[in-house]
file my_file19.cif (mmCIF, N, CA and C atoms)
data_work
#
loop_
_atom_site.label_atom_id
_atom_site.label_comp_id
_atom_site.auth_asym_id
_atom_site.auth_seq_id
_atom_site.Cartn_x
_atom_site.Cartn_y
_atom_site.Cartn_z
N GLU A 1 -185.52 76.76 124.41
CA GLU A 1 -186.44 77.72 124.98
C GLU A 1 -186.11 79.11 124.44
N VAL A 2 -187.17 79.84 124.17
CA VAL A 2 -187.03 81.18 123.61
C VAL A 2 -187.77 82.16 124.51
N PRO A 3 -187.14 83.29 124.85
CA PRO A 3 -187.85 84.27 125.68
C PRO A 3 -189.18 84.67 125.04
N GLY A 4 -190.21 84.78 125.88
CA GLY A 4 -191.52 85.20 125.40
C GLY A 4 -192.38 84.09 124.84
N GLU A 5 -191.92 82.84 124.93
CA GLU A 5 -192.70 81.76 124.32
C GLU A 5 -194.05 81.54 125.00
N ILE A 6 -194.14 81.76 126.29
CA ILE A 6 -195.42 81.58 126.99
C ILE A 6 -196.43 82.63 126.51
N GLU A 7 -195.97 83.87 126.36
CA GLU A 7 -196.87 84.92 125.88
C GLU A 7 -197.35 84.63 124.46
N ARG A 8 -196.42 84.17 123.61
CA ARG A 8 -196.80 83.84 122.22
C ARG A 8 -197.77 82.67 122.18
N LEU A 9 -197.60 81.71 123.06
CA LEU A 9 -198.53 80.59 123.13
C LEU A 9 -199.96 81.09 123.34
N GLY A 10 -200.13 81.98 124.30
CA GLY A 10 -201.46 82.52 124.58
C GLY A 10 -202.03 83.30 123.42
N ILE A 11 -201.20 84.11 122.79
CA ILE A 11 -201.64 84.92 121.64
C ILE A 11 -202.09 84.02 120.50
N HIS A 12 -201.28 83.04 120.17
CA HIS A 12 -201.61 82.17 119.03
C HIS A 12 -202.81 81.26 119.34
N LEU A 13 -202.93 80.84 120.59
CA LEU A 13 -204.10 80.03 120.95
C LEU A 13 -205.37 80.86 120.82
N ALA A 14 -205.37 82.07 121.31
CA ALA A 14 -206.55 82.94 121.20
C ALA A 14 -206.90 83.19 119.73
N ARG A 15 -205.90 83.38 118.89
CA ARG A 15 -206.16 83.59 117.45
C ARG A 15 -206.76 82.35 116.81
N ALA A 16 -206.24 81.18 117.17
CA ALA A 16 -206.77 79.94 116.60
C ALA A 16 -208.22 79.71 117.01
N VAL A 17 -208.54 79.99 118.27
CA VAL A 17 -209.92 79.81 118.74
C VAL A 17 -210.84 80.81 118.06
N ALA A 18 -210.37 82.03 117.83
CA ALA A 18 -211.19 83.02 117.12
C ALA A 18 -211.49 82.55 115.69
N LYS A 19 -210.54 81.87 115.08
CA LYS A 19 -210.72 81.39 113.71
C LYS A 19 -211.63 80.16 113.64
N TRP A 20 -211.51 79.28 114.63
CA TRP A 20 -212.29 78.05 114.65
C TRP A 20 -212.85 77.84 116.06
N PRO A 21 -213.90 78.56 116.43
CA PRO A 21 -214.39 78.58 117.81
C PRO A 21 -214.93 77.25 118.33
N THR A 22 -215.33 76.34 117.47
CA THR A 22 -215.88 75.08 117.95
C THR A 22 -214.83 73.97 118.03
N GLY A 23 -213.59 74.27 117.66
CA GLY A 23 -212.53 73.26 117.71
C GLY A 23 -212.10 72.97 119.14
N LEU A 24 -211.54 71.78 119.32
CA LEU A 24 -210.96 71.42 120.60
C LEU A 24 -209.46 71.68 120.49
N PHE A 25 -208.93 72.50 121.39
CA PHE A 25 -207.53 72.88 121.35
C PHE A 25 -206.83 72.46 122.63
N LEU A 26 -205.61 71.97 122.50
CA LEU A 26 -204.74 71.67 123.63
C LEU A 26 -203.46 72.46 123.46
N ALA A 27 -203.04 73.13 124.50
CA ALA A 27 -201.78 73.86 124.47
C ALA A 27 -200.99 73.44 125.70
N TRP A 28 -199.83 72.82 125.48
CA TRP A 28 -198.96 72.39 126.57
C TRP A 28 -197.94 73.48 126.86
N TYR A 29 -197.58 73.63 128.13
CA TYR A 29 -196.54 74.59 128.50
C TYR A 29 -195.74 74.07 129.68
N PRO A 30 -194.45 74.44 129.71
CA PRO A 30 -193.64 74.12 130.89
C PRO A 30 -193.94 75.13 131.99
N ILE A 31 -193.86 74.71 133.21
CA ILE A 31 -194.03 75.64 134.33
C ILE A 31 -192.66 75.95 134.88
N LYS A 32 -192.21 77.17 134.57
CA LYS A 32 -190.94 77.68 135.07
C LYS A 32 -191.14 79.08 135.63
N ASP A 33 -191.51 80.01 134.78
CA ASP A 33 -191.69 81.41 135.17
C ASP A 33 -193.16 81.63 135.54
N ALA A 34 -193.46 81.57 136.83
CA ALA A 34 -194.85 81.65 137.28
C ALA A 34 -195.50 82.97 136.91
N ALA A 35 -194.75 84.06 136.94
CA ALA A 35 -195.33 85.37 136.62
C ALA A 35 -195.75 85.44 135.15
N ALA A 36 -194.91 84.96 134.25
CA ALA A 36 -195.25 84.96 132.82
C ALA A 36 -196.46 84.06 132.57
N LEU A 37 -196.50 82.93 133.24
CA LEU A 37 -197.62 82.01 133.08
C LEU A 37 -198.92 82.64 133.56
N GLU A 38 -198.89 83.29 134.70
CA GLU A 38 -200.11 83.94 135.22
C GLU A 38 -200.59 85.05 134.29
N ARG A 39 -199.67 85.82 133.70
CA ARG A 39 -200.07 86.86 132.74
C ARG A 39 -200.74 86.24 131.52
N MET A 40 -200.16 85.14 131.00
CA MET A 40 -200.73 84.47 129.83
C MET A 40 -202.13 83.95 130.14
N VAL A 41 -202.31 83.33 131.29
CA VAL A 41 -203.62 82.78 131.65
C VAL A 41 -204.63 83.90 131.86
N ARG A 42 -204.22 84.99 132.50
CA ARG A 42 -205.12 86.13 132.70
C ARG A 42 -205.58 86.70 131.35
N ASP A 43 -204.64 86.85 130.41
CA ASP A 43 -204.99 87.38 129.09
C ASP A 43 -205.90 86.42 128.33
N LEU A 44 -205.63 85.13 128.43
CA LEU A 44 -206.49 84.14 127.77
C LEU A 44 -207.88 84.13 128.38
N ASP A 45 -207.95 84.23 129.70
CA ASP A 45 -209.24 84.25 130.38
C ASP A 45 -210.11 85.38 129.83
N ALA A 46 -209.51 86.52 129.59
CA ALA A 46 -210.25 87.67 129.06
C ALA A 46 -210.56 87.52 127.58
N ALA A 47 -209.70 86.84 126.83
CA ALA A 47 -209.83 86.80 125.37
C ALA A 47 -210.66 85.64 124.84
N LEU A 48 -210.71 84.53 125.56
CA LEU A 48 -211.37 83.35 125.01
C LEU A 48 -212.88 83.47 125.04
N PRO A 49 -213.52 83.32 123.89
CA PRO A 49 -214.98 83.36 123.84
C PRO A 49 -215.61 82.01 124.16
N ARG A 50 -214.80 81.02 124.41
CA ARG A 50 -215.25 79.65 124.65
C ARG A 50 -214.75 79.17 126.01
N PRO A 51 -215.38 78.14 126.58
CA PRO A 51 -214.91 77.61 127.86
C PRO A 51 -213.56 76.91 127.68
N ALA A 52 -212.75 76.97 128.71
CA ALA A 52 -211.44 76.31 128.71
C ALA A 52 -211.09 75.87 130.12
N LEU A 53 -210.14 74.96 130.20
CA LEU A 53 -209.61 74.50 131.49
C LEU A 53 -208.12 74.74 131.53
N ARG A 54 -207.65 75.14 132.70
CA ARG A 54 -206.22 75.21 132.96
C ARG A 54 -205.90 74.02 133.87
N LEU A 55 -205.04 73.13 133.39
CA LEU A 55 -204.65 71.95 134.15
C LEU A 55 -203.14 72.01 134.37
N ASP A 56 -202.71 72.20 135.60
CA ASP A 56 -201.29 72.27 135.94
C ASP A 56 -200.93 71.14 136.88
N LEU A 57 -199.73 70.60 136.69
CA LEU A 57 -199.17 69.60 137.59
C LEU A 57 -197.79 70.08 138.01
N LEU A 58 -197.62 70.35 139.29
CA LEU A 58 -196.34 70.77 139.83
C LEU A 58 -195.71 69.62 140.60
N ILE A 59 -194.41 69.38 140.35
CA ILE A 59 -193.72 68.31 141.07
C ILE A 59 -192.58 68.87 141.92
N ASP A 60 -192.41 70.16 141.93
CA ASP A 60 -191.39 70.82 142.74
C ASP A 60 -191.85 72.24 143.02
N ARG A 61 -191.25 72.89 144.01
CA ARG A 61 -191.63 74.26 144.36
C ARG A 61 -191.37 75.21 143.20
N PRO A 62 -192.35 76.05 142.86
CA PRO A 62 -192.20 76.95 141.71
C PRO A 62 -191.53 78.28 142.07
N ASP A 63 -190.43 78.21 142.84
CA ASP A 63 -189.79 79.45 143.28
C ASP A 63 -188.51 79.79 142.53
N ASP A 64 -188.10 78.95 141.57
CA ASP A 64 -186.90 79.22 140.78
C ASP A 64 -187.30 79.23 139.31
N PRO A 65 -187.37 80.44 138.67
CA PRO A 65 -187.83 80.52 137.28
C PRO A 65 -186.88 79.91 136.26
N THR A 66 -185.73 79.42 136.68
CA THR A 66 -184.80 78.78 135.74
C THR A 66 -184.97 77.27 135.71
N ARG A 67 -185.78 76.72 136.62
CA ARG A 67 -185.96 75.27 136.71
C ARG A 67 -187.37 74.87 136.30
N LEU A 68 -187.45 73.74 135.62
CA LEU A 68 -188.75 73.17 135.28
C LEU A 68 -189.34 72.55 136.54
N THR A 69 -190.49 73.06 136.95
CA THR A 69 -191.11 72.57 138.19
C THR A 69 -192.42 71.84 137.93
N GLY A 70 -192.86 71.83 136.69
CA GLY A 70 -194.10 71.14 136.35
C GLY A 70 -194.46 71.42 134.91
N SER A 71 -195.67 71.04 134.56
CA SER A 71 -196.17 71.31 133.22
C SER A 71 -197.68 71.50 133.28
N GLY A 72 -198.20 72.09 132.24
CA GLY A 72 -199.63 72.36 132.23
C GLY A 72 -200.22 72.27 130.84
N LEU A 73 -201.54 72.28 130.83
CA LEU A 73 -202.32 72.27 129.59
C LEU A 73 -203.42 73.30 129.70
N ILE A 74 -203.66 73.97 128.60
CA ILE A 74 -204.90 74.72 128.43
C ILE A 74 -205.72 73.90 127.46
N VAL A 75 -206.94 73.58 127.84
CA VAL A 75 -207.84 72.80 126.98
C VAL A 75 -209.04 73.68 126.67
N VAL A 76 -209.17 74.07 125.41
CA VAL A 76 -210.29 74.90 124.98
C VAL A 76 -211.38 73.99 124.44
N ASN A 77 -212.61 74.26 124.84
CA ASN A 77 -213.76 73.40 124.53
C ASN A 77 -213.50 71.99 125.06
N PRO A 78 -213.23 71.89 126.37
CA PRO A 78 -212.85 70.59 126.93
C PRO A 78 -213.96 69.56 126.82
N PRO A 79 -213.57 68.31 126.68
CA PRO A 79 -214.58 67.25 126.64
C PRO A 79 -215.38 67.21 127.94
N TRP A 80 -216.58 66.73 127.81
CA TRP A 80 -217.48 66.59 128.95
C TRP A 80 -216.79 65.76 130.03
N ARG A 81 -216.87 66.21 131.26
CA ARG A 81 -216.35 65.55 132.45
C ARG A 81 -214.83 65.63 132.60
N LEU A 82 -214.11 66.33 131.72
CA LEU A 82 -212.66 66.41 131.87
C LEU A 82 -212.29 67.07 133.20
N ALA A 83 -212.97 68.13 133.58
CA ALA A 83 -212.67 68.79 134.86
C ALA A 83 -212.87 67.84 136.02
N GLU A 84 -213.95 67.07 135.99
CA GLU A 84 -214.24 66.11 137.05
C GLU A 84 -213.16 65.02 137.11
N GLU A 85 -212.78 64.51 135.96
CA GLU A 85 -211.74 63.47 135.92
C GLU A 85 -210.39 64.03 136.35
N ALA A 86 -210.06 65.24 135.91
CA ALA A 86 -208.78 65.85 136.28
C ALA A 86 -208.70 66.09 137.78
N ALA A 87 -209.82 66.45 138.38
CA ALA A 87 -209.84 66.66 139.83
C ALA A 87 -209.57 65.35 140.59
N THR A 88 -209.71 64.23 139.92
CA THR A 88 -209.40 62.93 140.51
C THR A 88 -207.95 62.55 140.27
N PHE A 89 -207.47 62.65 139.01
CA PHE A 89 -206.13 62.15 138.73
C PHE A 89 -205.01 63.13 139.03
N LEU A 90 -205.25 64.44 138.96
CA LEU A 90 -204.17 65.39 139.23
C LEU A 90 -203.64 65.31 140.67
N PRO A 91 -204.50 65.24 141.70
CA PRO A 91 -203.96 65.10 143.05
C PRO A 91 -203.13 63.82 143.23
N ALA A 92 -203.58 62.73 142.63
CA ALA A 92 -202.84 61.47 142.74
C ALA A 92 -201.48 61.58 142.06
N LEU A 93 -201.44 62.18 140.87
CA LEU A 93 -200.16 62.37 140.19
C LEU A 93 -199.24 63.29 140.97
N ALA A 94 -199.77 64.38 141.49
CA ALA A 94 -198.96 65.33 142.27
C ALA A 94 -198.34 64.64 143.48
N GLU A 95 -199.11 63.81 144.13
CA GLU A 95 -198.60 63.11 145.31
C GLU A 95 -197.50 62.12 144.94
N ARG A 96 -197.69 61.38 143.88
CA ARG A 96 -196.74 60.33 143.50
C ARG A 96 -195.49 60.85 142.83
N LEU A 97 -195.58 61.97 142.13
CA LEU A 97 -194.43 62.50 141.39
C LEU A 97 -193.69 63.61 142.14
N ALA A 98 -194.16 63.98 143.31
CA ALA A 98 -193.59 65.09 144.07
C ALA A 98 -192.11 64.87 144.37
N ARG A 99 -191.36 65.98 144.23
CA ARG A 99 -189.95 65.98 144.62
C ARG A 99 -189.80 66.92 145.81
N HIS A 100 -188.90 66.60 146.69
CA HIS A 100 -188.65 67.44 147.87
C HIS A 100 -189.93 67.68 148.66
N GLU A 101 -190.78 66.67 148.69
CA GLU A 101 -192.03 66.71 149.47
C GLU A 101 -192.98 67.83 149.03
N PHE A 102 -192.89 68.21 147.76
CA PHE A 102 -193.83 69.22 147.25
C PHE A 102 -194.46 68.70 145.97
N GLY A 103 -195.76 68.71 145.94
CA GLY A 103 -196.51 68.39 144.74
C GLY A 103 -197.76 69.26 144.74
N GLY A 104 -198.16 69.71 143.59
CA GLY A 104 -199.34 70.56 143.53
C GLY A 104 -200.04 70.42 142.20
N PHE A 105 -201.23 70.97 142.13
CA PHE A 105 -202.01 70.89 140.89
C PHE A 105 -203.01 72.03 140.86
N ARG A 106 -203.52 72.28 139.65
CA ARG A 106 -204.62 73.22 139.44
C ARG A 106 -205.55 72.61 138.41
N CYS A 107 -206.82 72.88 138.58
CA CYS A 107 -207.84 72.51 137.61
C CYS A 107 -208.84 73.65 137.64
N ASP A 108 -208.58 74.68 136.85
CA ASP A 108 -209.35 75.92 136.90
C ASP A 108 -210.04 76.22 135.59
N PRO A 109 -211.31 76.59 135.63
CA PRO A 109 -211.96 77.04 134.39
C PRO A 109 -211.47 78.44 134.03
N ILE A 110 -211.31 78.67 132.75
CA ILE A 110 -210.99 80.00 132.23
C ILE A 110 -211.83 80.23 130.98
N GLY A 111 -211.77 81.43 130.45
CA GLY A 111 -212.53 81.74 129.24
C GLY A 111 -213.98 82.01 129.55
N ALA A 112 -214.83 81.78 128.58
CA ALA A 112 -216.24 82.15 128.67
C ALA A 112 -216.97 81.46 129.81
N ALA A 113 -216.54 80.28 130.23
CA ALA A 113 -217.25 79.55 131.27
C ALA A 113 -216.75 79.88 132.67
N ALA A 114 -215.70 80.65 132.76
CA ALA A 114 -215.10 80.90 134.09
C ALA A 114 -215.94 81.72 134.98
#
call {"tool": "encode", "arguments": {"input": "my_file19.cif", "output": "structure tokens"}}
result
Amino acid sequence: EVPGEIERLGIHLARAVAKWPTGLFLAWYPIKDAAALERMVRDLDAALPRPALRLDLLIDRPDDPTRLTGSGLIVVNPPWRLAEEAATFLPALAERLARHEFGGFRCDPIGAAA
């Protein structure tokens, strides 16, 4: 892990989408530092000219930025019905993989469609 990797992920993803706006992009990230992640998503939401989805799966409480508590994906130009399907499988995964009785998920539109 390298400091600033979440911010760089957002920057490079936005650049790639600007270069190839009709491409389908997936960007995976670990969920550790919630503040850095929220900044990256906020910046992407403003920068992306195309629709995207933020899909997060949390299996532990996100209150310790040194521990991996989940993972997420940003999907730019998501396939048709991905949001609908994710709204079905993410809650089930969160429930089954939860540690310490905590599981959570997000399925949020960002970018041009938000």
call {"tool": "closest_residue", "arguments": {"input": "my_file19.cif", "among": "A:Leu55, A:Ala47, A:Ala83, A:Leu97", "to": "Tyr29 (chain A)", "atoms": "only C-alpha atoms"}}
result
A:Leu55
call {"tool": "closest_residue", "arguments": {"input": "my_file19.cif", "among": "A:Gly104, A:Pro3, A:Pro51, A:Pro30", "to": "Val76 (chain A)", "atoms": "all atoms listed in the file"}}
result
A:Pro51
call {"tool": "atom_distance", "arguments": {"input": "my_file19.cif", "atom1": "atom N of Glu95 (chain A)", "atom2": "atom C of Trp28 (chain A)"}}
result
19.8 Å
call {"tool": "select_by_dssp", "arguments": {"input": "my_file19.cif", "residues": "chain A", "states": "alpha helix (DSSP H)", "output": "ChimeraX atom specification"}}
result
/A:5-19,34-47,82-97
call {"tool": "atom_distance", "arguments": {"input": "my_file19.cif", "atom1": "CA of Ile59 (chain A)", "atom2": "CA of Ala112 (chain A)"}}
result
29.2 Å
call {"tool": "atom_distance", "arguments": {"input": "my_file19.cif", "atom1": "CA of Ala34 (chain A)", "atom2": "atom N of Arg67 (chain A)"}}
result
10.3 Å
call {"tool": "residues_around", "arguments": {"input": "my_file19.cif", "residues": "Asn77 (chain A)", "least_positions_apart": "6", "cutoff": "9 Å", "atoms": "only C-alpha atoms", "output": "number ranges by chain"}}
result
A: 21-25, 50-53
call {"tool": "closest_residue", "arguments": {"input": "my_file19.cif", "among": "A:Ala94, A:Leu26, A:Ile11, A:Val17", "to": "Met40 (chain A)", "atoms": "only C-alpha atoms"}}
result
A:Ile11
call {"tool": "resolve_selection", "arguments": {"input": "my_file19.cif", "expression": "the PyMOL selection byres ((chain A and resi 54) around 8)", "output": "ChimeraX atom specification"}}
result
/A:51-53,55-57,72-76,105-111
call {"tool": "select_by_dssp", "arguments": {"input": "my_file19.cif", "residues": "chain A", "states": "strand (DSSP E)", "output": "NGL selection string"}}
result
:A and (25-31 or 51-58 or 70-76 or 104-111)
call {"tool": "residues_around", "arguments": {"input": "my_file19.cif", "residues": "Leu9 (chain A)", "least_positions_apart": "5", "cutoff": "8 Å", "atoms": "all atoms listed in the file", "output": "list in words"}}
result
Gly4, Ala14, Arg15, Ala27 and Met40 of chain A
call {"tool": "closest_residue", "arguments": {"input": "my_file19.cif", "among": "A:Ala36, A:Ile31, A:Leu48, A:Val2", "to": "Ser71 (chain A)", "atoms": "all atoms listed in the file"}}
result
A:Ile31
call {"tool": "resolve_selection", "arguments": {"input": "my_file19.cif", "expression": "the PyMOL selection byres ((chain A and resi 65) around 6)", "output": "ChimeraX atom specification"}}
result
/A:32-34,62-64,66-67
call {"tool": "closest_residue", "arguments": {"input": "my_file19.cif", "among": "A:His12, A:Lys19, A:Arg61, A:Arg81", "to": "Leu44 (chain A)", "atoms": "only C-alpha atoms"}}
result
A:His12
call {"tool": "build_atoms", "arguments": {"input": "my_file19.cif", "residues": "region 35-50 of chain A", "atoms": "N, CA, C and O atoms", "output": "short mmCIF file (atom, residue, chain, number, x, y, z; two decimals), in the frame of the given file"}}
result
data_model
loop_
_atom_site.label_atom_id
_atom_site.label_comp_id
_atom_site.auth_asym_id
_atom_site.auth_seq_id
_atom_site.Cartn_x
_atom_site.Cartn_y
_atom_site.Cartn_z
N ALA A 35 -194.75 84.06 136.94
CA ALA A 35 -195.33 85.37 136.62
C ALA A 35 -195.75 85.44 135.15
O ALA A 35 -196.84 85.92 134.84
N ALA A 36 -194.91 84.96 134.25
CA ALA A 36 -195.25 84.96 132.82
C ALA A 36 -196.46 84.06 132.57
O ALA A 36 -197.35 84.40 131.78
N LEU A 37 -196.50 82.93 133.24
CA LEU A 37 -197.62 82.01 133.08
C LEU A 37 -198.92 82.64 133.56
O LEU A 37 -199.95 82.56 132.88
N GLU A 38 -198.89 83.29 134.70
CA GLU A 38 -200.11 83.94 135.22
C GLU A 38 -200.59 85.05 134.29
O GLU A 38 -201.79 85.22 134.10
N ARG A 39 -199.67 85.82 133.70
CA ARG A 39 -200.07 86.86 132.74
C ARG A 39 -200.74 86.24 131.52
O ARG A 39 -201.77 86.72 131.04
N MET A 40 -200.16 85.14 131.00
CA MET A 40 -200.73 84.47 129.83
C MET A 40 -202.13 83.95 130.14
O MET A 40 -203.07 84.14 129.35
N VAL A 41 -202.31 83.33 131.29
CA VAL A 41 -203.62 82.78 131.65
C VAL A 41 -204.63 83.90 131.86
O VAL A 41 -205.78 83.80 131.42
N ARG A 42 -204.22 84.99 132.50
CA ARG A 42 -205.12 86.13 132.70
C ARG A 42 -205.58 86.70 131.35
O ARG A 42 -206.76 86.98 131.15
N ASP A 43 -204.64 86.85 130.41
CA ASP A 43 -204.99 87.38 129.09
C ASP A 43 -205.90 86.42 128.33
O ASP A 43 -206.86 86.85 127.67
N LEU A 44 -205.63 85.13 128.43
CA LEU A 44 -206.49 84.14 127.77
C LEU A 44 -207.88 84.13 128.38
O LEU A 44 -208.88 84.02 127.67
N ASP A 45 -207.95 84.23 129.70
CA ASP A 45 -209.24 84.25 130.38
C ASP A 45 -210.11 85.38 129.83
O ASP A 45 -211.31 85.20 129.61
N ALA A 46 -209.51 86.52 129.59
CA ALA A 46 -210.25 87.67 129.06
C ALA A 46 -210.56 87.52 127.58
O ALA A 46 -211.58 88.02 127.11
N ALA A 47 -209.70 86.84 126.83
CA ALA A 47 -209.83 86.80 125.37
C ALA A 47 -210.66 85.64 124.84
O ALA A 47 -211.25 85.75 123.76
N LEU A 48 -210.71 84.53 125.56
CA LEU A 48 -211.37 83.35 125.01
C LEU A 48 -212.88 83.47 125.04
O LEU A 48 -213.46 83.65 126.11
N PRO A 49 -213.52 83.32 123.89
CA PRO A 49 -214.98 83.36 123.84
C PRO A 49 -215.61 82.01 124.16
O PRO A 49 -216.83 81.87 124.15
N ARG A 50 -214.80 81.02 124.41
CA ARG A 50 -215.25 79.65 124.65
C ARG A 50 -214.75 79.17 126.01
O ARG A 50 -213.78 79.68 126.53
#
